[in-house]
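Enquirer: Input structure: entry.txt, which contains compact mmCIF, C-alpha atoms.
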```
# COMPACT_ATOMS: atom_id res chain seq x y z
CA MET D 90 101.42 67.18 117.56
CA ASP D 91 100.31 69.48 114.70
CA GLN D 92 103.00 72.00 115.62
CA ALA D 93 106.11 72.11 113.40
CA PRO D 94 109.24 70.59 114.96
CA LEU D 95 111.58 73.04 116.63
CA ILE D 96 114.62 71.73 114.74
CA SER D 97 115.27 69.72 111.60
CA PHE D 98 118.63 67.94 111.76
CA ILE D 99 119.88 67.24 108.23
CA ILE D 100 122.51 64.49 107.98
CA PRO D 101 124.08 63.93 104.53
CA VAL D 102 125.93 60.61 104.35
CA TYR D 103 128.04 58.82 101.78
CA ASP D 104 129.67 55.49 102.67
CA VAL D 105 129.65 56.33 106.37
CA PRO D 106 129.89 53.10 108.45
CA ALA D 107 126.50 52.30 109.99
CA ASP D 108 127.84 52.17 113.56
CA ILE D 109 129.33 55.67 113.22
CA LEU D 110 126.10 57.01 111.70
CA CYS D 111 124.18 55.47 114.61
CA GLU D 112 126.49 57.32 117.04
CA CYS D 113 125.63 60.55 115.24
CA ILE D 114 121.88 59.95 115.49
CA ASN D 115 122.17 58.88 119.14
CA SER D 116 123.94 62.16 119.97
CA ILE D 117 120.91 64.03 118.61
CA MET D 118 118.37 61.84 120.38
CA ALA D 119 120.24 62.28 123.67
CA LEU D 120 119.39 65.99 123.67
CA SER D 121 116.53 67.29 125.81
CA LEU D 122 114.27 67.73 122.77
CA ARG D 123 111.05 65.76 122.88
CA ALA D 124 110.24 63.54 119.91
CA TYR D 125 107.84 66.05 118.35
CA GLU D 126 110.38 68.88 118.72
CA ARG D 127 112.99 67.23 116.49
CA GLU D 128 113.08 65.99 112.92
CA ILE D 129 116.05 63.87 111.88
CA ILE D 130 116.55 63.65 108.11
CA VAL D 131 119.21 61.25 106.84
CA VAL D 132 120.05 61.78 103.17
CA ASP D 133 121.99 58.82 101.80
CA ASP D 134 123.80 60.25 98.78
CA GLY D 135 124.17 56.99 96.87
CA SER D 136 126.32 55.00 99.31
CA LYS D 137 127.63 51.74 97.86
CA THR D 138 125.80 49.91 100.64
CA SER D 139 122.75 51.37 102.37
CA PRO D 140 123.14 51.60 106.16
CA LEU D 141 119.38 51.30 106.68
CA ALA D 142 119.43 47.58 107.47
CA LYS D 143 121.56 48.27 110.54
CA MET D 144 119.40 51.18 111.70
CA ALA D 145 116.22 49.29 112.62
CA SER D 146 116.17 50.82 116.10
CA PHE D 147 115.73 54.30 114.56
CA VAL D 148 112.96 53.46 112.13
CA ASP D 149 110.37 55.53 114.04
CA ASP D 150 112.73 58.43 114.73
CA ILE D 151 114.23 59.35 111.36
CA ILE D 152 113.30 60.20 107.80
CA TYR D 153 115.60 58.22 105.50
CA ILE D 154 116.07 59.29 101.89
CA ARG D 155 118.31 57.46 99.43
CA GLN D 156 119.25 59.22 96.21
CA LYS D 157 121.69 58.96 93.33
CA ASN D 158 125.13 60.30 94.25
CA GLY D 159 125.27 64.01 93.60
CA GLY D 160 127.61 65.34 96.26
CA VAL D 161 127.10 66.92 99.66
CA SER D 162 125.51 70.09 98.23
CA THR D 163 122.78 68.09 96.50
CA ALA D 164 122.23 65.96 99.63
CA ARG D 165 121.84 69.03 101.83
CA ASN D 166 119.46 70.63 99.34
CA THR D 167 117.35 67.46 99.43
CA GLY D 168 117.27 67.71 103.22
CA LEU D 169 116.22 71.36 103.02
CA ARG D 170 113.31 70.46 100.72
CA MET D 171 112.11 67.88 103.24
CA ALA D 172 112.67 69.93 106.41
CA SER D 173 109.66 71.28 108.31
CA GLY D 174 111.43 72.52 111.45
CA GLN D 175 111.57 76.11 112.67
CA TYR D 176 115.36 75.80 112.76
CA ILE D 177 117.88 73.87 110.66
CA GLN D 178 121.03 72.13 111.88
CA PHE D 179 123.38 70.33 109.50
CA VAL D 180 125.37 67.44 110.95
CA ASP D 181 127.86 65.34 109.00
CA GLY D 182 127.13 61.64 109.39
CA ASP D 183 130.48 60.80 110.96
CA ASP D 184 130.36 63.63 113.53
CA LEU D 185 128.48 64.18 116.80
CA LEU D 186 126.63 66.84 118.73
CA LEU D 187 128.02 67.15 122.26
CA PRO D 188 125.90 67.64 125.42
CA ILE D 189 126.85 71.34 125.57
CA TYR D 190 124.76 71.77 122.42
CA GLU D 191 121.93 72.25 124.94
CA HIS D 192 123.27 75.78 125.42
CA VAL D 193 122.92 76.41 121.68
CA LEU D 194 119.32 75.21 121.93
CA ASP D 195 118.70 77.61 124.84
CA LEU D 196 119.97 80.57 122.82
CA ALA D 197 117.73 79.60 119.92
CA ARG D 198 114.64 78.99 122.05
CA PHE D 199 114.82 81.74 124.64
CA GLU D 200 116.69 84.52 122.82
CA LYS D 201 114.72 84.09 119.59
CA ALA D 202 117.96 84.03 117.61
CA ASP D 203 117.94 83.92 113.82
CA MET D 204 121.27 82.15 113.99
CA VAL D 205 123.57 80.74 116.68
CA MET D 206 127.19 80.12 115.73
CA PHE D 207 129.20 77.77 117.95
CA ASP D 208 132.64 76.20 118.19
CA PHE D 209 133.81 72.66 117.46
CA THR D 210 136.37 70.24 118.83
CA ASN D 211 137.99 66.94 117.92
CA LYS D 212 138.00 65.87 121.58
CA ASN D 213 134.89 64.24 122.97
CA HIS D 214 134.83 65.74 126.46
CA GLN D 215 132.59 67.93 128.57
CA GLN D 216 133.25 71.69 128.42
CA VAL D 217 132.47 73.86 131.44
CA ASP D 218 133.35 77.46 130.57
CA TYR D 219 132.19 79.41 127.54
CA THR D 220 131.21 82.96 126.60
CA ASP D 221 128.44 84.37 124.43
CA GLU D 222 128.32 87.38 122.13
CA GLY D 223 125.23 89.02 120.69
CA PRO D 224 122.78 89.73 119.47
CA VAL D 225 124.29 91.42 116.41
CA THR D 226 123.32 91.36 112.78
CA GLY D 227 125.17 88.96 110.53
CA THR D 228 126.44 91.97 108.59
CA GLU D 229 127.95 93.50 111.74
CA LEU D 230 129.59 90.20 112.66
CA MET D 231 131.20 89.86 109.23
CA HIS D 232 132.36 93.49 109.37
CA ARG D 233 134.55 92.99 112.40
CA GLN D 234 135.69 89.38 112.58
CA ASN D 235 136.43 86.23 110.63
CA ILE D 236 133.84 83.50 110.48
CA HIS D 237 134.08 79.73 110.36
CA GLY D 238 132.42 78.79 107.09
CA SER D 239 131.41 75.19 107.83
CA ALA D 240 127.65 74.73 107.45
CA TRP D 241 127.50 72.50 110.52
CA GLY D 242 128.89 75.29 112.71
CA PHE D 243 125.56 77.02 113.36
CA ILE D 244 121.85 76.58 113.79
CA PHE D 245 119.58 78.95 111.84
CA LYS D 246 115.93 79.85 111.42
CA THR D 247 114.39 78.25 108.36
CA ASN D 248 112.54 81.43 107.43
CA ILE D 249 115.73 83.42 106.77
CA LEU D 250 116.84 80.92 104.12
CA GLY D 251 114.54 82.15 101.35
CA THR D 252 115.70 80.74 98.00
CA LEU D 253 119.32 80.30 99.11
CA ARG D 254 120.65 76.80 98.45
CA PHE D 255 124.00 75.07 98.05
CA THR D 256 125.46 75.14 94.54
CA PRO D 257 125.45 71.56 93.18
CA GLY D 258 128.56 70.03 91.66
CA ILE D 259 131.10 71.62 94.01
CA ALA D 260 133.46 69.11 95.56
CA TYR D 261 135.19 71.68 97.78
CA GLY D 262 134.17 75.00 99.31
CA GLU D 263 130.37 74.77 99.06
CA ASP D 264 130.05 75.94 102.68
CA GLU D 265 132.12 79.06 102.01
CA GLU D 266 129.61 80.19 99.41
CA PHE D 267 126.53 79.38 101.48
CA THR D 268 127.46 80.64 104.96
CA PRO D 269 128.27 84.33 104.30
CA GLN D 270 125.12 84.75 102.23
CA LEU D 271 123.04 83.23 105.01
CA LEU D 272 124.67 85.47 107.62
CA LEU D 273 123.77 88.58 105.64
CA ARG D 274 120.10 87.56 105.98
CA ALA D 275 120.26 87.17 109.79
CA GLU D 276 119.19 90.07 112.01
CA HIS D 277 119.76 88.46 115.43
CA VAL D 278 122.96 86.43 115.59
CA TYR D 279 124.56 84.97 118.71
CA LYS D 280 128.06 83.56 118.79
CA THR D 281 129.20 81.26 121.57
CA THR D 282 132.56 79.67 122.36
CA ALA D 283 130.76 76.50 123.47
CA LYS D 284 132.40 73.58 121.66
CA ALA D 285 129.12 71.90 120.81
CA TYR D 286 130.19 69.89 117.76
CA PHE D 287 132.56 66.93 117.67
CA TYR D 288 134.41 66.94 114.37
CA ARG D 289 135.81 63.50 113.72
CA LYS D 290 139.27 63.62 112.19
CA ARG D 291 139.24 61.93 108.83
CA THR D 292 142.05 59.77 107.51
CA SER D 293 141.93 61.62 104.21
CA SER D 294 141.01 65.20 103.39
CA ALA D 295 141.31 67.82 100.70
CA THR D 296 144.43 69.18 102.38
CA GLY D 297 146.09 65.82 102.83
CA ASN D 298 148.19 63.69 100.51
CA VAL D 299 145.81 63.53 97.53
CA THR D 300 146.24 63.31 93.79
CA THR D 301 147.22 66.28 91.68
CA ARG D 302 143.82 66.14 89.98
CA LYS D 303 142.01 66.51 93.30
CA LYS D 304 144.30 69.35 94.35
CA LEU D 305 143.53 71.21 91.14
CA GLN D 306 139.81 70.45 91.57
CA ARG D 307 139.90 71.95 95.04
CA LEU D 308 141.59 75.10 93.75
CA HIS D 309 139.19 75.37 90.80
CA ASP D 310 136.09 75.01 93.02
CA THR D 311 137.40 77.55 95.53
CA LYS D 312 138.10 80.05 92.77
CA GLN D 313 134.59 79.62 91.33
CA VAL D 314 133.07 80.21 94.79
CA ILE D 315 135.08 83.42 95.14
CA LEU D 316 134.02 84.63 91.70
CA ARG D 317 130.33 83.88 92.33
CA LEU D 318 130.39 85.73 95.64
CA HIS D 319 132.19 88.63 93.94
CA GLN D 320 129.44 88.81 91.31
CA LYS D 321 126.83 89.17 94.05
CA GLU D 322 128.52 92.22 95.63
CA ASP D 323 126.90 94.79 93.36
CA THR D 324 123.41 93.47 94.10
CA LEU D 325 123.70 94.17 97.84
CA PRO D 326 123.11 97.23 100.04
CA LEU D 327 126.31 99.10 100.95
CA ALA D 328 126.79 97.65 104.45
CA ASP D 329 126.26 94.09 103.21
CA ARG D 330 128.56 94.72 100.26
CA ILE D 331 131.39 95.86 102.53
CA ALA D 332 130.91 92.84 104.80
CA LEU D 333 130.94 90.42 101.87
CA LYS D 334 133.97 92.15 100.34
CA ARG D 335 135.89 91.51 103.55
CA ARG D 336 134.97 87.83 103.48
CA ILE D 337 135.89 87.52 99.79
CA ALA D 338 139.30 89.07 100.51
CA GLN D 339 139.94 86.47 103.24
CA LEU D 340 138.89 83.62 100.93
CA THR D 341 141.09 85.02 98.16
CA MET D 342 144.07 85.12 100.53
CA ASP D 343 143.43 81.46 101.44
CA TYR D 344 143.12 80.58 97.75
CA ILE D 345 146.46 82.18 96.87
CA TYR D 346 148.09 80.51 99.87
CA ASN D 347 146.74 77.09 98.89
CA THR D 348 147.76 77.60 95.26
CA MET D 349 151.33 78.05 96.43
CA VAL D 350 151.27 75.11 98.84
CA LEU D 351 149.37 72.60 96.72
CA THR D 352 150.97 73.25 93.32
CA ARG D 353 154.42 74.72 94.12
CA ASN D 354 154.29 75.99 90.55
CA ARG D 355 155.08 79.66 89.93
CA LYS D 356 153.71 79.70 86.37
CA TYR D 357 150.39 78.27 87.54
CA LEU D 358 150.29 80.81 90.39
CA ASP D 359 150.99 83.71 88.02
CA ARG D 360 148.13 82.63 85.73
CA GLN D 361 145.71 82.51 88.67
CA LEU D 362 146.85 85.90 89.97
CA GLU D 363 146.31 87.39 86.51
CA ASP D 364 142.76 85.98 86.46
CA LEU D 365 142.10 87.49 89.89
CA ARG D 366 143.59 90.81 88.75
CA ARG D 367 141.17 90.98 85.81
CA GLU D 368 138.28 90.50 88.24
CA GLY D 369 139.58 93.24 90.57
CA LEU D 370 140.41 90.74 93.32
CA PHE D 371 144.20 91.11 93.21
CA PRO D 372 146.24 92.76 94.65
CA LEU D 373 144.42 92.01 97.87
CA PRO D 374 142.53 95.07 99.14
CA ASP D 375 143.91 97.08 102.07
CA LEU D 376 141.46 96.00 104.78
CA LYS D 377 141.66 95.77 108.56
CA CYS D 378 141.50 92.00 108.95
CA THR D 379 143.99 89.79 110.74
CA THR D 380 147.72 90.28 111.20
CA LYS D 381 148.21 87.30 108.89
CA TYR D 382 146.13 89.00 106.21
CA THR D 383 148.11 92.26 106.47
CA TRP D 384 151.44 90.41 106.29
CA PHE D 385 150.33 88.20 103.40
CA ARG D 386 148.93 91.16 101.44
CA ARG D 387 152.21 93.05 101.69
CA MET D 388 154.25 90.03 100.66
CA THR D 389 152.11 89.25 97.61
CA ASN D 390 152.29 92.86 96.41
CA SER D 391 155.84 92.35 95.09
CA LYS D 392 157.54 89.78 92.86
CA ALA D 393 160.24 89.31 95.48
CA GLY D 394 157.63 88.65 98.16
CA LEU D 395 155.82 86.14 95.96
CA THR D 396 159.11 84.35 95.24
CA LEU D 397 159.93 84.15 98.94
CA LEU D 398 156.48 82.78 99.76
CA MET D 399 156.69 80.21 96.97
CA HIS D 400 159.93 78.88 98.44
CA THR D 401 159.06 78.99 102.14
CA LEU D 402 155.33 78.16 102.51
CA PRO D 403 155.49 74.58 101.11
CA LEU D 404 158.45 73.85 103.39
CA MET D 405 156.69 75.30 106.44
CA THR D 406 153.56 73.26 105.67
CA ARG D 407 155.58 70.07 105.26
CA GLU D 408 157.31 70.62 108.62
CA ARG D 409 153.96 70.92 110.41
```
Before we go any further, please render this structure as structure tokens.
Expert:
Amino acid sequence: MDQAPLISFIIPVYDVPADILCECINSIMALSLRAYEREIIVVDDGSKTSPLAKMASFVDDIIYIRQKNGGVSTARNTGLRMASGQYIQFVDGDDLLLPIYEHVLDLARFEKADMVMFDFTNKNHQQVDYTDEGPVTGTELMHRQNIHGSAWGFIFKTNILGTLRFTPGIAYGEDEEFTPQLLLRAEHVYKTTAKAYFYRKRTSSATGNVTTRKKLQRLHDTKQVILRLHQKEDTLPLADRIALKRRIAQLTMDYIYNTMVLTRNRKYLDRQLEDLRREGLFPLPDLKCTTKYTWFRRMTNSKAGLTLLMHTLPLMTRER
């Protein structure tokens, strides 16, 4: 067929076991899409051992690219350069698309959506009930509710991407920089509660028991994402600027929270708060977000509140 594929599935992988990667690809091929309607791009980001030898059964169904290790942002950007589909869907190599993803496809195909945001689960079971919202603009959506930043949590039209790409070299938080900017470009967004994505629980994560260096790297990367988004505010129309400001405030709250929990160091926290203050990001702005945001904002507005949070949040996190 000369027609462009409906969807390009971009799968960045790094040292993902071949059998798990095959499960991921099988979950895509099990969808109702015909062969010419899908494009499956596997970007091997310098795995120690290539999984290709164990993927012979997929040789006619995938595009396999192996590159020097550069991180997930670089791998996704490589996939974007190769993609020819009308829509893009990112899928991590150790995750799956569930059968209810068919509903996401229906919203994309029949409602002509620019973007469809969906839910995820860590339980591989069939969901029956779900609700849909939309269409709204991405700006409207960000004005009134929180978003899930993960890049695999939505399908989007390739033509709204423009020059937007993931920032290379970020180990943590690359999705949080990409997703809000993409949403601001979308005019017809649908949001569904369908749990269409199976997120496989990893044995290690950025929030788990990792080295101090990795904790500080996570905080550094998150802070840089916040600052880059903040710099973009003044370049946007008023409505988009307000929407992005709300998202930045939520990310800043999470950053301060994680600084307390991951470092448990008041001097380090005070230095970060002073940096945020110089950028106009602290104290947190008085916005109508979540109850948690309102409570956290009030607590961080006083030295006594900060002291209380520094003593209680690490203990609460440890108990969970």
Enquirer: Please indicate the distance in Å from CA of Val132 (chain D) to CA of Gln92 (chain D), rounded to one decimal place.
Expert: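 Calculated distance between CA of Val132 (chain D) and CA of Gln92 (chain D) is 23.5 Å.
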Enquirer: What is the CA of Val131 (chain D)-CA of Ala197 (chain D) distance in Å, reported with one decimal?
Expert: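 Those two atoms sit 22.6 Å apart.
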Enquirer: Work out how far CA of Asp150 (chain D) is from CA of Glu128 (chain D), in Å to one decimal.
Expert: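 Computing the Euclidean distance for CA of Glu128 (chain D) and CA of Asp150 (chain D) yields 7.8 Å.
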Enquirer: Val148 (chain D): which residues within 12 Å, counting all atoms listed in the file, same-chain residues fewer than 5 positions away excluded, as a PyMOL selection string?
Expert: chain D and resi 111+114+129-131+140-143+153
Enquirer: Write out, as a compact mmCIF listing (two decimals), in the frame of the given file, the residues just selected, with C-alpha atoms.
Expert:
```txt
# COMPACT_ATOMS: atom_id res chain seq x y z
CA CYS D 111 124.18 55.47 114.61
CA ILE D 114 121.88 59.95 115.49
CA ILE D 129 116.05 63.87 111.88
CA ILE D 130 116.55 63.65 108.11
CA VAL D 131 119.21 61.25 106.84
CA PRO D 140 123.14 51.60 106.16
CA LEU D 141 119.38 51.30 106.68
CA ALA D 142 119.43 47.58 107.47
CA LYS D 143 121.56 48.27 110.54
CA TYR D 153 115.60 58.22 105.50
```
Enquirer: Select, from D:Leu340, D:Asp203, D:Asp218, D:His232, the residue with the minimum atom-to-atom distance to Asp264 (chain D), counting only C-alpha atoms.
Expert: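 Counting only C-alpha atoms, the residue closest to Asp264 (chain D) is D:Leu340.
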Enquirer: Complete region 185-203 of chain D with N, CA, C and O atoms (output as an mmCIF file, in the frame of the given file).
Expert:
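Output below, filename rebuild.cif:
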```cif
data_model
loop_
_atom_site.group_PDB
_atom_site.id
_atom_site.type_symbol
_atom_site.label_atom_id
_atom_site.label_comp_id
_atom_site.auth_asym_id
_atom_site.auth_seq_id
_atom_site.Cartn_x
_atom_site.Cartn_y
_atom_site.Cartn_z
ATOM 1 N N LEU D 185 129.415 64.260 115.681
ATOM 2 C CA LEU D 185 128.480 64.180 116.800
ATOM 3 C C LEU D 185 128.120 65.562 117.312
ATOM 4 O O LEU D 185 128.915 66.499 117.184
ATOM 5 N N LEU D 186 126.950 65.670 117.915
ATOM 6 C CA LEU D 186 126.630 66.840 118.730
ATOM 7 C C LEU D 186 126.938 66.489 120.183
ATOM 8 O O LEU D 186 126.560 65.411 120.654
ATOM 9 N N LEU D 187 127.625 67.383 120.871
ATOM 10 C CA LEU D 187 128.020 67.150 122.260
ATOM 11 C C LEU D 187 126.949 67.679 123.209
ATOM 12 O O LEU D 187 126.131 68.530 122.828
ATOM 13 N N PRO D 188 126.939 67.216 124.467
ATOM 14 C CA PRO D 188 125.900 67.640 125.420
ATOM 15 C C PRO D 188 125.784 69.156 125.572
ATOM 16 O O PRO D 188 124.685 69.669 125.817
ATOM 17 N N ILE D 189 126.900 69.883 125.402
ATOM 18 C CA ILE D 189 126.850 71.340 125.570
ATOM 19 C C ILE D 189 126.047 72.011 124.451
ATOM 20 O O ILE D 189 125.755 73.211 124.509
ATOM 21 N N TYR D 190 125.655 71.246 123.453
ATOM 22 C CA TYR D 190 124.760 71.770 122.420
ATOM 23 C C TYR D 190 123.443 72.251 123.039
ATOM 24 O O TYR D 190 122.737 73.068 122.444
ATOM 25 N N GLU D 191 123.132 71.768 124.232
ATOM 26 C CA GLU D 191 121.930 72.250 124.940
ATOM 27 C C GLU D 191 121.960 73.768 125.099
ATOM 28 O O GLU D 191 120.913 74.427 125.053
ATOM 29 N N HIS D 192 123.161 74.326 125.292
ATOM 30 C CA HIS D 192 123.270 75.780 125.420
ATOM 31 C C HIS D 192 122.905 76.468 124.107
ATOM 32 O O HIS D 192 122.278 77.531 124.103
ATOM 33 N N VAL D 193 123.291 75.874 122.992
ATOM 34 C CA VAL D 193 122.920 76.410 121.680
ATOM 35 C C VAL D 193 121.397 76.395 121.533
ATOM 36 O O VAL D 193 120.794 77.362 121.060
ATOM 37 N N LEU D 194 120.785 75.307 121.971
ATOM 38 C CA LEU D 194 119.320 75.210 121.930
ATOM 39 C C LEU D 194 118.672 76.304 122.782
ATOM 40 O O LEU D 194 117.663 76.903 122.390
ATOM 41 N N ASP D 195 119.250 76.567 123.954
ATOM 42 C CA ASP D 195 118.700 77.610 124.840
ATOM 43 C C ASP D 195 118.747 78.978 124.172
ATOM 44 O O ASP D 195 117.796 79.764 124.263
ATOM 45 N N LEU D 196 119.857 79.278 123.500
ATOM 46 C CA LEU D 196 119.970 80.570 122.820
ATOM 47 C C LEU D 196 118.940 80.678 121.693
ATOM 48 O O LEU D 196 118.331 81.737 121.493
ATOM 49 N N ALA D 197 118.715 79.590 120.999
ATOM 50 C CA ALA D 197 117.730 79.600 119.920
ATOM 51 C C ALA D 197 116.319 79.758 120.467
ATOM 52 O O ALA D 197 115.525 80.560 119.974
ATOM 53 N N ARG D 198 116.007 79.002 121.523
ATOM 54 C CA ARG D 198 114.640 78.990 122.050
ATOM 55 C C ARG D 198 114.278 80.250 122.811
ATOM 56 O O ARG D 198 113.211 80.821 122.620
ATOM 57 N N PHE D 199 115.173 80.685 123.691
ATOM 58 C CA PHE D 199 114.820 81.740 124.640
ATOM 59 C C PHE D 199 115.269 83.131 124.205
ATOM 60 O O PHE D 199 114.731 84.126 124.686
ATOM 61 N N GLU D 200 116.246 83.207 123.306
ATOM 62 C CA GLU D 200 116.690 84.520 122.820
ATOM 63 C C GLU D 200 116.127 84.833 121.443
ATOM 64 O O GLU D 200 116.422 85.876 120.879
ATOM 65 N N LYS D 201 115.351 83.902 120.897
ATOM 66 C CA LYS D 201 114.720 84.090 119.590
ATOM 67 C C LYS D 201 115.755 84.439 118.510
ATOM 68 O O LYS D 201 115.536 85.328 117.676
ATOM 69 N N ALA D 202 116.872 83.754 118.542
ATOM 70 C CA ALA D 202 117.960 84.030 117.610
ATOM 71 C C ALA D 202 117.599 83.584 116.192
ATOM 72 O O ALA D 202 116.945 82.553 115.997
ATOM 73 N N ASP D 203 118.040 84.364 115.202
ATOM 74 C CA ASP D 203 117.940 83.920 113.820
ATOM 75 C C ASP D 203 119.014 82.880 113.524
ATOM 76 O O ASP D 203 118.831 82.006 112.668
#
```
